[in-house]
file target_6.txt (compact mmCIF, N, CA and C atoms)
# COMPACT_ATOMS: atom_id res chain seq x y z
N MET A 4 -5.45 -7.10 8.16
CA MET A 4 -6.58 -6.53 7.47
C MET A 4 -6.87 -7.35 6.22
N ASN A 5 -8.16 -7.58 5.98
CA ASN A 5 -8.54 -8.26 4.75
C ASN A 5 -9.27 -7.27 3.83
N VAL A 6 -9.65 -7.74 2.67
CA VAL A 6 -10.26 -6.86 1.67
C VAL A 6 -11.57 -6.23 2.18
N ILE A 7 -12.38 -6.98 2.88
CA ILE A 7 -13.65 -6.46 3.39
C ILE A 7 -13.40 -5.39 4.46
N GLU A 8 -12.45 -5.65 5.32
CA GLU A 8 -12.10 -4.65 6.35
C GLU A 8 -11.57 -3.37 5.71
N ALA A 9 -10.80 -3.51 4.63
CA ALA A 9 -10.28 -2.33 3.93
C ALA A 9 -11.42 -1.51 3.33
N LEU A 10 -12.35 -2.17 2.67
CA LEU A 10 -13.50 -1.45 2.08
C LEU A 10 -14.34 -0.77 3.16
N LYS A 11 -14.55 -1.47 4.26
CA LYS A 11 -15.33 -0.88 5.36
C LYS A 11 -14.61 0.31 5.98
N ALA A 12 -13.29 0.24 6.06
CA ALA A 12 -12.52 1.36 6.62
C ALA A 12 -12.62 2.59 5.73
N VAL A 13 -12.56 2.39 4.41
CA VAL A 13 -12.71 3.52 3.48
C VAL A 13 -14.12 4.09 3.59
N LYS A 14 -15.10 3.22 3.65
CA LYS A 14 -16.48 3.69 3.79
C LYS A 14 -16.66 4.50 5.08
N LYS A 15 -16.09 4.01 6.17
CA LYS A 15 -16.20 4.73 7.44
C LYS A 15 -15.55 6.11 7.34
N LEU A 16 -14.40 6.18 6.68
CA LEU A 16 -13.70 7.45 6.52
C LEU A 16 -14.52 8.44 5.70
N LEU A 17 -15.23 7.94 4.70
CA LEU A 17 -15.99 8.82 3.79
C LEU A 17 -17.47 8.94 4.14
N GLN A 18 -17.92 8.24 5.15
CA GLN A 18 -19.36 8.22 5.49
C GLN A 18 -19.93 9.62 5.68
N ASN A 19 -19.20 10.47 6.37
CA ASN A 19 -19.63 11.86 6.57
C ASN A 19 -19.31 12.65 5.31
N PRO A 20 -20.31 13.25 4.67
CA PRO A 20 -20.05 14.01 3.43
C PRO A 20 -19.00 15.11 3.60
N ASN A 21 -18.84 15.61 4.81
CA ASN A 21 -17.84 16.65 5.06
C ASN A 21 -16.41 16.11 5.02
N HIS A 22 -16.25 14.80 4.97
CA HIS A 22 -14.93 14.19 4.90
C HIS A 22 -14.59 13.68 3.51
N TRP A 23 -15.44 14.01 2.54
CA TRP A 23 -15.25 13.57 1.16
C TRP A 23 -14.96 14.77 0.28
N THR A 24 -14.16 14.59 -0.77
CA THR A 24 -13.85 15.68 -1.68
C THR A 24 -13.78 15.19 -3.12
N LYS A 25 -13.78 16.13 -4.02
CA LYS A 25 -13.59 15.89 -5.45
C LYS A 25 -12.42 16.73 -5.93
N GLY A 26 -11.80 16.32 -7.02
CA GLY A 26 -10.78 17.14 -7.67
C GLY A 26 -9.40 17.11 -7.01
N ALA A 27 -9.24 16.33 -5.98
CA ALA A 27 -7.95 16.18 -5.29
C ALA A 27 -7.99 14.88 -4.51
N ASN A 28 -6.84 14.27 -4.30
CA ASN A 28 -6.81 13.05 -3.49
C ASN A 28 -7.27 13.33 -2.07
N ALA A 29 -6.89 14.50 -1.57
CA ALA A 29 -7.28 14.90 -0.22
C ALA A 29 -7.14 16.41 -0.10
N ARG A 30 -7.74 16.94 0.97
CA ARG A 30 -7.65 18.37 1.26
C ARG A 30 -7.41 18.57 2.74
N ASP A 31 -6.68 19.65 3.04
CA ASP A 31 -6.46 19.98 4.44
C ASP A 31 -7.57 20.92 4.93
N ILE A 32 -7.46 21.40 6.14
CA ILE A 32 -8.50 22.23 6.74
C ILE A 32 -8.73 23.53 5.96
N ASN A 33 -7.72 23.95 5.19
CA ASN A 33 -7.83 25.17 4.38
C ASN A 33 -8.31 24.89 2.96
N GLU A 34 -8.72 23.63 2.70
CA GLU A 34 -9.18 23.18 1.38
C GLU A 34 -8.07 23.08 0.36
N SER A 35 -6.81 23.15 0.80
CA SER A 35 -5.68 22.97 -0.11
C SER A 35 -5.52 21.49 -0.44
N SER A 36 -5.13 21.23 -1.67
CA SER A 36 -4.92 19.85 -2.11
C SER A 36 -3.67 19.28 -1.44
N VAL A 37 -3.82 18.09 -0.84
CA VAL A 37 -2.70 17.39 -0.22
C VAL A 37 -2.82 15.91 -0.58
N ASN A 38 -1.77 15.16 -0.30
CA ASN A 38 -1.79 13.73 -0.52
C ASN A 38 -2.65 13.06 0.55
N GLY A 39 -3.29 11.97 0.21
CA GLY A 39 -4.12 11.26 1.16
C GLY A 39 -3.38 10.77 2.37
N SER A 40 -2.08 10.56 2.25
CA SER A 40 -1.28 10.09 3.38
C SER A 40 -0.82 11.23 4.28
N ASN A 41 -1.07 12.47 3.89
CA ASN A 41 -0.67 13.63 4.69
C ASN A 41 -1.48 13.66 5.99
N PRO A 42 -0.81 13.75 7.13
CA PRO A 42 -1.53 13.78 8.41
C PRO A 42 -2.49 14.98 8.57
N GLU A 43 -2.28 16.01 7.76
CA GLU A 43 -3.15 17.19 7.83
C GLU A 43 -4.40 17.06 6.96
N ALA A 44 -4.51 15.99 6.21
CA ALA A 44 -5.69 15.77 5.36
C ALA A 44 -6.92 15.53 6.22
N VAL A 45 -8.01 16.21 5.87
CA VAL A 45 -9.28 16.05 6.60
C VAL A 45 -10.43 15.64 5.68
N LYS A 46 -10.22 15.75 4.37
CA LYS A 46 -11.20 15.33 3.37
C LYS A 46 -10.48 14.47 2.35
N PHE A 47 -11.18 13.45 1.84
CA PHE A 47 -10.54 12.49 0.95
C PHE A 47 -11.46 12.13 -0.21
N CYS A 48 -10.85 11.90 -1.38
CA CYS A 48 -11.57 11.24 -2.45
C CYS A 48 -11.39 9.74 -2.22
N LEU A 49 -11.96 8.91 -3.06
CA LEU A 49 -11.81 7.47 -2.88
C LEU A 49 -10.35 7.03 -2.86
N ILE A 50 -9.56 7.52 -3.81
CA ILE A 50 -8.15 7.14 -3.87
C ILE A 50 -7.40 7.68 -2.66
N GLY A 51 -7.69 8.90 -2.27
CA GLY A 51 -7.05 9.47 -1.09
C GLY A 51 -7.37 8.70 0.18
N ALA A 52 -8.60 8.19 0.26
CA ALA A 52 -8.99 7.40 1.43
C ALA A 52 -8.20 6.10 1.48
N PHE A 53 -8.00 5.46 0.32
CA PHE A 53 -7.16 4.26 0.29
C PHE A 53 -5.71 4.60 0.64
N ASP A 54 -5.22 5.76 0.17
CA ASP A 54 -3.86 6.19 0.52
C ASP A 54 -3.71 6.36 2.02
N LYS A 55 -4.69 7.00 2.65
CA LYS A 55 -4.64 7.18 4.10
C LYS A 55 -4.59 5.82 4.80
N LEU A 56 -5.42 4.94 4.35
CA LEU A 56 -5.47 3.61 4.94
C LEU A 56 -4.12 2.89 4.78
N GLN A 57 -3.52 3.03 3.61
CA GLN A 57 -2.27 2.34 3.32
C GLN A 57 -1.08 2.91 4.09
N TRP A 58 -0.97 4.23 4.17
CA TRP A 58 0.28 4.83 4.63
C TRP A 58 0.19 5.56 5.96
N HIS A 59 -0.97 5.99 6.37
CA HIS A 59 -1.06 6.79 7.59
C HIS A 59 -0.95 5.93 8.84
N TYR A 60 -1.45 4.74 8.76
CA TYR A 60 -1.43 3.85 9.91
C TYR A 60 -0.29 2.86 9.74
N GLU A 61 0.80 3.06 10.48
CA GLU A 61 1.99 2.22 10.32
C GLU A 61 1.69 0.74 10.46
N GLU A 62 0.77 0.40 11.38
CA GLU A 62 0.48 -1.01 11.59
C GLU A 62 -0.21 -1.64 10.38
N LEU A 63 -0.70 -0.81 9.47
CA LEU A 63 -1.34 -1.34 8.26
C LEU A 63 -0.40 -1.39 7.07
N SER A 64 0.81 -0.88 7.23
CA SER A 64 1.75 -0.81 6.12
C SER A 64 2.56 -2.10 6.01
N THR A 65 1.87 -3.20 5.84
CA THR A 65 2.52 -4.50 5.65
C THR A 65 2.18 -4.99 4.25
N ILE A 66 2.92 -5.97 3.80
CA ILE A 66 2.68 -6.49 2.45
C ILE A 66 1.29 -7.11 2.34
N ASP A 67 0.83 -7.80 3.38
CA ASP A 67 -0.51 -8.40 3.34
C ASP A 67 -1.58 -7.31 3.22
N ASN A 68 -1.40 -6.24 3.95
CA ASN A 68 -2.37 -5.15 3.87
C ASN A 68 -2.29 -4.43 2.53
N TYR A 69 -1.10 -4.34 1.97
CA TYR A 69 -0.95 -3.75 0.64
C TYR A 69 -1.81 -4.52 -0.36
N PHE A 70 -1.72 -5.85 -0.31
CA PHE A 70 -2.50 -6.67 -1.24
C PHE A 70 -4.00 -6.60 -0.94
N ALA A 71 -4.37 -6.51 0.34
CA ALA A 71 -5.79 -6.38 0.69
C ALA A 71 -6.35 -5.08 0.13
N ILE A 72 -5.57 -4.01 0.22
CA ILE A 72 -6.03 -2.72 -0.30
C ILE A 72 -6.09 -2.76 -1.82
N ALA A 73 -5.12 -3.39 -2.45
CA ALA A 73 -5.15 -3.52 -3.92
C ALA A 73 -6.38 -4.31 -4.36
N ASP A 74 -6.67 -5.39 -3.65
CA ASP A 74 -7.86 -6.19 -3.96
C ASP A 74 -9.13 -5.38 -3.71
N ALA A 75 -9.15 -4.58 -2.65
CA ALA A 75 -10.32 -3.75 -2.34
C ALA A 75 -10.58 -2.77 -3.48
N LYS A 76 -9.52 -2.19 -4.02
CA LYS A 76 -9.68 -1.28 -5.17
C LYS A 76 -10.27 -2.02 -6.37
N ASN A 77 -9.86 -3.27 -6.56
CA ASN A 77 -10.40 -4.05 -7.68
C ASN A 77 -11.88 -4.35 -7.48
N TYR A 78 -12.30 -4.65 -6.26
CA TYR A 78 -13.73 -4.84 -6.01
C TYR A 78 -14.49 -3.54 -6.26
N LEU A 79 -13.90 -2.42 -5.89
CA LEU A 79 -14.55 -1.14 -6.15
C LEU A 79 -14.64 -0.89 -7.66
N ARG A 80 -13.60 -1.20 -8.39
CA ARG A 80 -13.64 -1.05 -9.86
C ARG A 80 -14.76 -1.90 -10.45
N ASN A 81 -14.91 -3.12 -9.96
CA ASN A 81 -16.01 -3.97 -10.43
C ASN A 81 -17.36 -3.36 -10.07
N ALA A 82 -17.46 -2.79 -8.88
CA ALA A 82 -18.73 -2.20 -8.44
C ALA A 82 -19.12 -1.00 -9.29
N ILE A 83 -18.13 -0.21 -9.72
CA ILE A 83 -18.45 1.00 -10.50
C ILE A 83 -18.42 0.73 -12.01
N GLY A 84 -17.92 -0.44 -12.41
CA GLY A 84 -17.86 -0.78 -13.82
C GLY A 84 -16.83 0.02 -14.59
N SER A 85 -15.75 0.41 -13.91
CA SER A 85 -14.71 1.21 -14.54
C SER A 85 -13.39 1.00 -13.82
N ALA A 86 -12.31 1.12 -14.57
CA ALA A 86 -10.98 1.02 -13.97
C ALA A 86 -10.55 2.36 -13.36
N PHE A 87 -11.32 3.41 -13.61
CA PHE A 87 -10.91 4.77 -13.25
C PHE A 87 -11.66 5.26 -12.01
N ILE A 88 -11.14 4.90 -10.85
CA ILE A 88 -11.79 5.25 -9.59
C ILE A 88 -11.83 6.77 -9.41
N SER A 89 -10.76 7.47 -9.76
CA SER A 89 -10.74 8.93 -9.60
C SER A 89 -11.81 9.61 -10.44
N ASP A 90 -11.97 9.16 -11.68
CA ASP A 90 -13.01 9.74 -12.54
C ASP A 90 -14.40 9.50 -11.95
N PHE A 91 -14.62 8.29 -11.46
CA PHE A 91 -15.91 7.99 -10.83
C PHE A 91 -16.13 8.92 -9.64
N ASN A 92 -15.12 9.06 -8.80
CA ASN A 92 -15.24 9.93 -7.62
C ASN A 92 -15.62 11.36 -8.03
N ASP A 93 -14.91 11.89 -9.01
CA ASP A 93 -15.09 13.30 -9.38
C ASP A 93 -16.37 13.57 -10.16
N ASN A 94 -17.03 12.52 -10.64
CA ASN A 94 -18.27 12.69 -11.40
C ASN A 94 -19.47 12.08 -10.71
N SER A 95 -19.36 11.87 -9.40
CA SER A 95 -20.43 11.23 -8.63
C SER A 95 -20.85 12.08 -7.45
N THR A 96 -22.00 11.72 -6.91
CA THR A 96 -22.46 12.34 -5.67
C THR A 96 -21.92 11.54 -4.50
N HIS A 97 -22.00 12.11 -3.33
CA HIS A 97 -21.57 11.39 -2.13
C HIS A 97 -22.38 10.11 -1.97
N LYS A 98 -23.67 10.19 -2.23
CA LYS A 98 -24.53 9.01 -2.11
C LYS A 98 -24.06 7.90 -3.05
N GLN A 99 -23.66 8.26 -4.26
CA GLN A 99 -23.17 7.27 -5.22
C GLN A 99 -21.85 6.65 -4.75
N ILE A 100 -21.03 7.43 -4.08
CA ILE A 100 -19.75 6.92 -3.55
C ILE A 100 -20.03 5.86 -2.50
N ILE A 101 -20.92 6.16 -1.55
CA ILE A 101 -21.24 5.22 -0.48
C ILE A 101 -21.92 3.98 -1.05
N THR A 102 -22.80 4.16 -2.03
CA THR A 102 -23.46 3.03 -2.67
C THR A 102 -22.44 2.12 -3.35
N ALA A 103 -21.48 2.71 -4.06
CA ALA A 103 -20.45 1.93 -4.73
C ALA A 103 -19.62 1.13 -3.71
N LEU A 104 -19.30 1.75 -2.59
CA LEU A 104 -18.56 1.03 -1.55
C LEU A 104 -19.40 -0.12 -0.98
N ASN A 105 -20.69 0.12 -0.78
CA ASN A 105 -21.57 -0.95 -0.29
C ASN A 105 -21.62 -2.11 -1.28
N ILE A 106 -21.70 -1.81 -2.56
CA ILE A 106 -21.72 -2.86 -3.58
C ILE A 106 -20.40 -3.62 -3.58
N ALA A 107 -19.29 -2.89 -3.49
CA ALA A 107 -17.98 -3.55 -3.45
C ALA A 107 -17.86 -4.47 -2.24
N ILE A 108 -18.37 -4.03 -1.11
CA ILE A 108 -18.36 -4.87 0.10
C ILE A 108 -19.18 -6.14 -0.13
N LEU A 109 -20.35 -5.98 -0.72
CA LEU A 109 -21.19 -7.15 -1.00
C LEU A 109 -20.51 -8.11 -1.98
N LEU A 110 -19.87 -7.58 -3.02
CA LEU A 110 -19.15 -8.42 -3.97
C LEU A 110 -18.02 -9.18 -3.27
N ALA A 111 -17.31 -8.49 -2.42
CA ALA A 111 -16.20 -9.14 -1.70
C ALA A 111 -16.72 -10.21 -0.76
N LYS A 112 -17.81 -9.92 -0.06
CA LYS A 112 -18.39 -10.92 0.85
C LYS A 112 -18.86 -12.14 0.07
N LYS A 113 -19.51 -11.91 -1.05
CA LYS A 113 -20.03 -13.01 -1.85
C LYS A 113 -18.89 -13.91 -2.35
N GLU A 114 -17.84 -13.31 -2.85
CA GLU A 114 -16.74 -14.08 -3.39
C GLU A 114 -15.93 -14.77 -2.29
N ASN A 115 -15.83 -14.15 -1.15
CA ASN A 115 -15.01 -14.72 -0.07
C ASN A 115 -15.76 -15.70 0.80
N THR A 116 -17.04 -15.95 0.51
CA THR A 116 -17.80 -16.95 1.27
C THR A 116 -18.13 -18.16 0.43
N GLN A 117 -17.76 -18.15 -0.83
CA GLN A 117 -18.05 -19.29 -1.71
C GLN A 117 -16.96 -20.32 -1.67
call {"tool": "encode", "arguments": {"input": "target_6.txt", "output": "structure tokens"}}
result
Amino acid sequence: MNVIEALKAVKKLLQNPNHWTKGANARDINESSVNGSNPEAVKFCLIGAFDKLQWHYEELSTIDNYFAIADAKNYLRNAIGSAFISDFNDNSTHKQIITALNIAILLAKKENTQ
């Protein structure tokens, strides 16, 4: 997995507004707060979505993928103009979340094609 694939995977996970949440990394079917890596999680904030990507899929839990996900978070931080992804998530609309991911993807594509 590379940084662009990581950003696209998070976007795909959060594309449906019913799979996005605020105020918790993730939520289960009962709306209880759970960790993003919890298999019972059905809704995710931005950080929870990265957690799911990092830890839920064993084939993605490699050092290369760890660095790709860390880099993806940095592109997202650049896209939102803040180091605080959780604060951005909790103070944004779903549309703003998807827009930020699209911008991060564009930034990553631009930098990785030069």
call {"tool": "residues_around", "arguments": {"input": "target_6.txt", "residues": "A:Ile100", "least_positions_apart": "6", "cutoff": "9 Å", "atoms": "only C-alpha atoms", "output": "ChimeraX atom specification"}}
result
/A:14,17,49,91-92
call {"tool": "select_by_dssp", "arguments": {"input": "target_6.txt", "residues": "chain A", "states": "strand (DSSP E or B)", "output": "PyMOL selection string"}}
result
chain A and resi 23+29-30+36-37+46-47
call {"tool": "atom_distance", "arguments": {"input": "target_6.txt", "atom1": "atom CA of A:Leu56", "atom2": "atom C of A:Val13"}}
result
8.8 Å
call {"tool": "atom_distance", "arguments": {"input": "target_6.txt", "atom1": "atom N of A:Ala86", "atom2": "atom N of A:Gln18"}}
result
21.7 Å
call {"tool": "atom_distance", "arguments": {"input": "target_6.txt", "atom1": "atom N of A:Ala103", "atom2": "atom N of A:Phe70"}}
result
21.9 Å
call {"tool": "residues_around", "arguments": {"input": "target_6.txt", "residues": "stretch 26-34 of chain A", "least_positions_apart": "3", "cutoff": "6.5 Å", "atoms": "only N, CA and C atoms", "output": "list of chain:residue names"}}
result
A:Val37, A:Asn38, A:Gly39, A:Glu43, A:Ala44, A:Val45, A:Lys46, A:Phe47, A:Cys48, A:Ile50, A:Gly51, A:Ala52, A:Asn92, A:Asp93
call {"tool": "closest_residue", "arguments": {"input": "target_6.txt", "among": "A:Phe87, A:Tyr69, A:Tyr78, A:Trp58", "to": "A:Ser40", "atoms": "all atoms listed in the file"}}
result
A:Trp58
call {"tool": "closest_residue", "arguments": {"input": "target_6.txt", "among": "A:Thr24, A:Asn5, A:Asn19, A:Ser95", "to": "A:Ala71", "atoms": "only N, CA and C atoms"}}
result
A:Asn5
call {"tool": "closest_residue", "arguments": {"input": "target_6.txt", "among": "A:Asn94, A:Pro20, A:Lys25, A:Ile83", "to": "A:Leu110", "atoms": "only C-alpha atoms"}}
result
A:Ile83
call {"tool": "residues_around", "arguments": {"input": "target_6.txt", "residues": "stretch 7-10 of chain A", "least_positions_apart": "3", "cutoff": "6.5 Å", "atoms": "all atoms listed in the file", "output": "count of residues only"}}
result
10
call {"tool": "select_by_dssp", "arguments": {"input": "target_6.txt", "residues": "chain A", "states": "helix (DSSP H, G or I)", "output": "CSV table (one decimal) with N, CA and C atoms, keeping the file's coordinate frame"}}
result
chain,number,residue,atom,x,y,z
A,6,VAL,N,-9.6,-7.7,2.7
A,6,VAL,CA,-10.3,-6.9,1.7
A,6,VAL,C,-11.6,-6.2,2.2
A,7,ILE,N,-12.4,-7.0,2.9
A,7,ILE,CA,-13.6,-6.5,3.4
A,7,ILE,C,-13.4,-5.4,4.5
A,8,GLU,N,-12.4,-5.6,5.3
A,8,GLU,CA,-12.1,-4.6,6.4
A,8,GLU,C,-11.6,-3.4,5.7
A,9,ALA,N,-10.8,-3.5,4.6
A,9,ALA,CA,-10.3,-2.3,3.9
A,9,ALA,C,-11.4,-1.5,3.3
A,10,LEU,N,-12.4,-2.2,2.7
A,10,LEU,CA,-13.5,-1.4,2.1
A,10,LEU,C,-14.3,-0.8,3.2
A,11,LYS,N,-14.6,-1.5,4.3
A,11,LYS,CA,-15.3,-0.9,5.4
A,11,LYS,C,-14.6,0.3,6.0
A,12,ALA,N,-13.3,0.2,6.1
A,12,ALA,CA,-12.5,1.4,6.6
A,12,ALA,C,-12.6,2.6,5.7
A,13,VAL,N,-12.6,2.4,4.4
A,13,VAL,CA,-12.7,3.5,3.5
A,13,VAL,C,-14.1,4.1,3.6
A,14,LYS,N,-15.1,3.2,3.6
A,14,LYS,CA,-16.5,3.7,3.8
A,14,LYS,C,-16.7,4.5,5.1
A,15,LYS,N,-16.1,4.0,6.2
A,15,LYS,CA,-16.2,4.7,7.4
A,15,LYS,C,-15.6,6.1,7.3
A,16,LEU,N,-14.4,6.2,6.7
A,16,LEU,CA,-13.7,7.4,6.5
A,16,LEU,C,-14.5,8.4,5.7
A,17,LEU,N,-15.2,7.9,4.7
A,17,LEU,CA,-16.0,8.8,3.8
A,17,LEU,C,-17.5,8.9,4.1
A,20,PRO,N,-20.3,13.2,4.7
A,20,PRO,CA,-20.0,14.0,3.4
A,20,PRO,C,-19.0,15.1,3.6
A,21,ASN,N,-18.8,15.6,4.8
A,21,ASN,CA,-17.8,16.6,5.1
A,21,ASN,C,-16.4,16.1,5.0
A,22,HIS,N,-16.2,14.8,5.0
A,22,HIS,CA,-14.9,14.2,4.9
A,22,HIS,C,-14.6,13.7,3.5
A,49,LEU,N,-12.0,8.9,-3.1
A,49,LEU,CA,-11.8,7.5,-2.9
A,49,LEU,C,-10.4,7.0,-2.9
A,50,ILE,N,-9.6,7.5,-3.8
A,50,ILE,CA,-8.2,7.1,-3.9
A,50,ILE,C,-7.4,7.7,-2.7
A,51,GLY,N,-7.7,8.9,-2.3
A,51,GLY,CA,-7.0,9.5,-1.1
A,51,GLY,C,-7.4,8.7,0.2
A,52,ALA,N,-8.6,8.2,0.3
A,52,ALA,CA,-9.0,7.4,1.4
A,52,ALA,C,-8.2,6.1,1.5
A,53,PHE,N,-8.0,5.5,0.3
A,53,PHE,CA,-7.2,4.3,0.3
A,53,PHE,C,-5.7,4.6,0.6
A,54,ASP,N,-5.2,5.8,0.2
A,54,ASP,CA,-3.9,6.2,0.5
A,54,ASP,C,-3.7,6.4,2.0
A,55,LYS,N,-4.7,7.0,2.6
A,55,LYS,CA,-4.6,7.2,4.1
A,55,LYS,C,-4.6,5.8,4.8
A,56,LEU,N,-5.4,4.9,4.4
A,56,LEU,CA,-5.5,3.6,4.9
A,56,LEU,C,-4.1,2.9,4.8
A,57,GLN,N,-3.5,3.0,3.6
A,57,GLN,CA,-2.3,2.3,3.3
A,57,GLN,C,-1.1,2.9,4.1
A,58,TRP,N,-1.0,4.2,4.2
A,58,TRP,CA,0.3,4.8,4.6
A,58,TRP,C,0.2,5.6,6.0
A,59,HIS,N,-1.0,6.0,6.4
A,59,HIS,CA,-1.1,6.8,7.6
A,59,HIS,C,-1.0,5.9,8.8
A,61,GLU,N,0.8,3.1,10.5
A,61,GLU,CA,2.0,2.2,10.3
A,61,GLU,C,1.7,0.7,10.5
A,62,GLU,N,0.8,0.4,11.4
A,62,GLU,CA,0.5,-1.0,11.6
A,62,GLU,C,-0.2,-1.6,10.4
A,63,LEU,N,-0.7,-0.8,9.5
A,63,LEU,CA,-1.3,-1.3,8.3
A,63,LEU,C,-0.4,-1.4,7.1
A,66,ILE,N,2.9,-6.0,3.8
A,66,ILE,CA,2.7,-6.5,2.4
A,66,ILE,C,1.3,-7.1,2.3
A,67,ASP,N,0.8,-7.8,3.4
A,67,ASP,CA,-0.5,-8.4,3.3
A,67,ASP,C,-1.6,-7.3,3.2
A,68,ASN,N,-1.4,-6.2,4.0
A,68,ASN,CA,-2.4,-5.2,3.9
A,68,ASN,C,-2.3,-4.4,2.5
A,69,TYR,N,-1.1,-4.3,2.0
A,69,TYR,CA,-1.0,-3.8,0.6
A,69,TYR,C,-1.8,-4.5,-0.4
A,70,PHE,N,-1.7,-5.8,-0.3
A,70,PHE,CA,-2.5,-6.7,-1.2
A,70,PHE,C,-4.0,-6.6,-0.9
A,71,ALA,N,-4.4,-6.5,0.3
A,71,ALA,CA,-5.8,-6.4,0.7
A,71,ALA,C,-6.4,-5.1,0.1
A,72,ILE,N,-5.6,-4.0,0.2
A,72,ILE,CA,-6.0,-2.7,-0.3
A,72,ILE,C,-6.1,-2.8,-1.8
A,73,ALA,N,-5.1,-3.4,-2.4
A,73,ALA,CA,-5.2,-3.5,-3.9
A,73,ALA,C,-6.4,-4.3,-4.4
A,74,ASP,N,-6.7,-5.4,-3.6
A,74,ASP,CA,-7.9,-6.2,-4.0
A,74,ASP,C,-9.1,-5.4,-3.7
A,75,ALA,N,-9.2,-4.6,-2.6
A,75,ALA,CA,-10.3,-3.8,-2.3
A,75,ALA,C,-10.6,-2.8,-3.5
A,76,LYS,N,-9.5,-2.2,-4.0
A,76,LYS,CA,-9.7,-1.3,-5.2
A,76,LYS,C,-10.3,-2.0,-6.4
A,77,ASN,N,-9.9,-3.3,-6.6
A,77,ASN,CA,-10.4,-4.0,-7.7
A,77,ASN,C,-11.9,-4.4,-7.5
A,78,TYR,N,-12.3,-4.6,-6.3
A,78,TYR,CA,-13.7,-4.8,-6.0
A,78,TYR,C,-14.5,-3.5,-6.3
A,79,LEU,N,-13.9,-2.4,-5.9
A,79,LEU,CA,-14.6,-1.1,-6.2
A,79,LEU,C,-14.6,-0.9,-7.7
A,80,ARG,N,-13.6,-1.2,-8.4
A,80,ARG,CA,-13.6,-1.0,-9.9
A,80,ARG,C,-14.8,-1.9,-10.4
A,81,ASN,N,-14.9,-3.1,-10.0
A,81,ASN,CA,-16.0,-4.0,-10.4
A,81,ASN,C,-17.4,-3.4,-10.1
A,82,ALA,N,-17.5,-2.8,-8.9
A,82,ALA,CA,-18.7,-2.2,-8.4
A,82,ALA,C,-19.1,-1.0,-9.3
A,83,ILE,N,-18.1,-0.2,-9.7
A,83,ILE,CA,-18.4,1.0,-10.5
A,83,ILE,C,-18.4,0.7,-12.0
A,88,ILE,N,-11.1,4.9,-10.8
A,88,ILE,CA,-11.8,5.2,-9.6
A,88,ILE,C,-11.8,6.8,-9.4
A,89,SER,N,-10.8,7.5,-9.8
A,89,SER,CA,-10.7,8.9,-9.6
A,89,SER,C,-11.8,9.6,-10.4
A,90,ASP,N,-12.0,9.2,-11.7
A,90,ASP,CA,-13.0,9.7,-12.5
A,90,ASP,C,-14.4,9.5,-12.0
A,91,PHE,N,-14.6,8.3,-11.5
A,91,PHE,CA,-15.9,8.0,-10.8
A,91,PHE,C,-16.1,8.9,-9.6
A,92,ASN,N,-15.1,9.1,-8.8
A,92,ASN,CA,-15.2,9.9,-7.6
A,92,ASN,C,-15.6,11.4,-8.0
A,93,ASP,N,-14.9,11.9,-9.0
A,93,ASP,CA,-15.1,13.3,-9.4
A,93,ASP,C,-16.4,13.6,-10.2
A,97,HIS,N,-22.0,12.1,-3.3
A,97,HIS,CA,-21.6,11.4,-2.1
A,97,HIS,C,-22.4,10.1,-2.0
A,98,LYS,N,-23.7,10.2,-2.2
A,98,LYS,CA,-24.5,9.0,-2.1
A,98,LYS,C,-24.1,7.9,-3.0
A,99,GLN,N,-23.7,8.3,-4.3
A,99,GLN,CA,-23.2,7.3,-5.2
A,99,GLN,C,-21.8,6.6,-4.8
A,100,ILE,N,-21.0,7.4,-4.1
A,100,ILE,CA,-19.8,6.9,-3.6
A,100,ILE,C,-20.0,5.9,-2.5
A,101,ILE,N,-20.9,6.2,-1.6
A,101,ILE,CA,-21.2,5.2,-0.5
A,101,ILE,C,-21.9,4.0,-1.0
A,102,THR,N,-22.8,4.2,-2.0
A,102,THR,CA,-23.5,3.0,-2.7
A,102,THR,C,-22.4,2.1,-3.4
A,103,ALA,N,-21.5,2.7,-4.1
A,103,ALA,CA,-20.4,1.9,-4.7
A,103,ALA,C,-19.6,1.1,-3.7
A,104,LEU,N,-19.3,1.8,-2.6
A,104,LEU,CA,-18.6,1.0,-1.6
A,104,LEU,C,-19.4,-0.1,-1.0
A,105,ASN,N,-20.7,0.1,-0.8
A,105,ASN,CA,-21.6,-1.0,-0.3
A,105,ASN,C,-21.6,-2.1,-1.3
A,106,ILE,N,-21.7,-1.8,-2.6
A,106,ILE,CA,-21.7,-2.9,-3.6
A,106,ILE,C,-20.4,-3.6,-3.6
A,107,ALA,N,-19.3,-2.9,-3.5
A,107,ALA,CA,-18.0,-3.6,-3.4
A,107,ALA,C,-17.9,-4.5,-2.2
A,108,ILE,N,-18.4,-4.0,-1.1
A,108,ILE,CA,-18.4,-4.9,0.1
A,108,ILE,C,-19.2,-6.1,-0.1
A,109,LEU,N,-20.4,-6.0,-0.7
A,109,LEU,CA,-21.2,-7.2,-1.0
A,109,LEU,C,-20.5,-8.1,-2.0
A,110,LEU,N,-19.9,-7.6,-3.0
A,110,LEU,CA,-19.2,-8.4,-4.0
A,110,LEU,C,-18.0,-9.2,-3.3
A,111,ALA,N,-17.3,-8.5,-2.4
A,111,ALA,CA,-16.2,-9.1,-1.7
A,111,ALA,C,-16.7,-10.2,-0.8
A,112,LYS,N,-17.8,-9.9,-0.1
A,112,LYS,CA,-18.4,-10.9,0.8
A,112,LYS,C,-18.9,-12.1,0.1
A,113,LYS,N,-19.5,-11.9,-1.0
A,113,LYS,CA,-20.0,-13.0,-1.8
A,113,LYS,C,-18.9,-13.9,-2.4
A,114,GLU,N,-17.8,-13.3,-2.8
A,114,GLU,CA,-16.7,-14.1,-3.4
A,114,GLU,C,-15.9,-14.8,-2.3
A,115,ASN,N,-15.8,-14.2,-1.2
A,115,ASN,CA,-15.0,-14.7,-0.1
A,115,ASN,C,-15.8,-15.7,0.8
